[in-house]
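First up is the structure itself, then whatever we jot down about it.
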Amino acid sequence: MRNSTNPELQNAWDAVPEVKEAEARHASAQRRLRSNPPGLAPDQAREAVIDEAVTAFLTSGTWPKDVGKRAAESFATALAWDAETIALKRAEELARTAKEETRDFCSDGALAHLGKRLTETLEVARAARDALNGVTNGAEAIMAGGGPLESWRRLMELRTDLENIRSAQWAVLRSVASDAYTVGSWERAGHGEVSGIPVDEVPPHRTYDIAYLLWLAAQPTAYVPANLGDLEADVEANQPGAPLWDDYGPVRDLSPRVERMPDARPSRTFPHSRSAQLDHSGTPGRATVNATPGDPAPLTTSY
């Protein structure tokens with residue numbers, strides 16, 4: 001699961017102690033890796049000392065007596081730096097993997113936090129709605145001023161909060177799903193918004209505007225799925241035109257359906273058409289015209 005700038009998503013992870021600890025450990029590994037000074041690989045460090053000695057000899061004719069010692073020391077120092085760098089990179093990689101796995105394992109806790117945030121947001125939205133005094137848009141709120149204007153501004157802020165909450169919700173659900181595309185199709189269809197009503201009764205919501213916020217605040221079953229299984233149950237139960245429930249789940253109508261056969265298309269008779277002459281009793285009469293061909297008249301094989 002990639003990191004996000006969504007404050008609701010980050011707050012949801014911070015609300016889960018295990019995730020917060022894993023994130024802190026990964027952040028520590030990142031800081032240690034960034035603070036590791038640059039250096040040369042052992043072979044490069046040794047070759048640098050050797051090249052320096054050879055260059056000095058070719059210039060002055062004097063061979064440094066300690067070249068072997070300095071090359072060995074340089075190699076050993078670089079070897080220690082190289083080993084620590086490899087260890088820091090491995091620690092950062094494994095800490096990042098552990099953080100992602102912890103997030104997946106503790107996703108229910110993040111969703112529970114988002115559910116609480118949704119409840120708080122809708123409670124404030126209901127209070128702001130009651131203070132609008134009939135205002136239905138921004139222009140009317142500006143004209144009214146006072147309490148209605150302040151309530152409209154509050155709803156604008158809550159709209160952003162709702163959008164972030166839902167975005168965080170779907171980010172968590174997609175991360176734990178084996179088929180993220182299917183979860184995305186459920187999001188686009190309107191599942192995971194309100195429980196207990198067919199999804200085709202959910203108004204357009206992708207923009208999460210104020211009209212949708214007020215509609216959602218009026219729904220007693222607006223929710224955040226507790227987990228992926230909760231979402232799958234919602235999808236199963238709230239399909240368009242979902243039937244009644246019994247003790248075992250939604251009742252499906254499995255009775256046979258009779259589909260009416262479409263009416264046959266009437267034959268097309270053009271002005272130049274003639275009835276078929278089947279015998280020598282006489283010339284057949286002109287057929288009743290019910291179609292007009294293009295210009296020129298089509299060939300017989302085309303109609």
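Letters for chains follow the order of the structure tokens (A, B, ...), residue numbers begin at 1 for each chain, and ligand numbers begin at 1 in the order shown.
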
Next on the checklist: Env of Ala71 (chain A): 9 Å cut, atoms = only C-alpha atoms, seq-sep filter 5 positions within chain, self excluded. Answer as a ChimeraX atom specification.
Outcome noted: /A:45-50,66,76

Next on the checklist: With DSSP run on the backbone, what are the helix (DSSP H, G or I) residues within region 122-264 of chain A? I'd like them as number ranges by chain.
Outcome noted: A: 122-130, 138-144, 146-176, 180-189, 199-201, 210-217, 228-237

Next on the checklist: Between A:Trp186, A:Trp13, A:Phe105, A:Trp152, which residue has the minimum interatomic distance to Leu214 (chain A), considering only C-alpha atoms?
Outcome noted: A:Trp152

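Here CA of Ile165 (chain A) is placed at a distance of 8.9 Å from CA of Pro7 (chain A).
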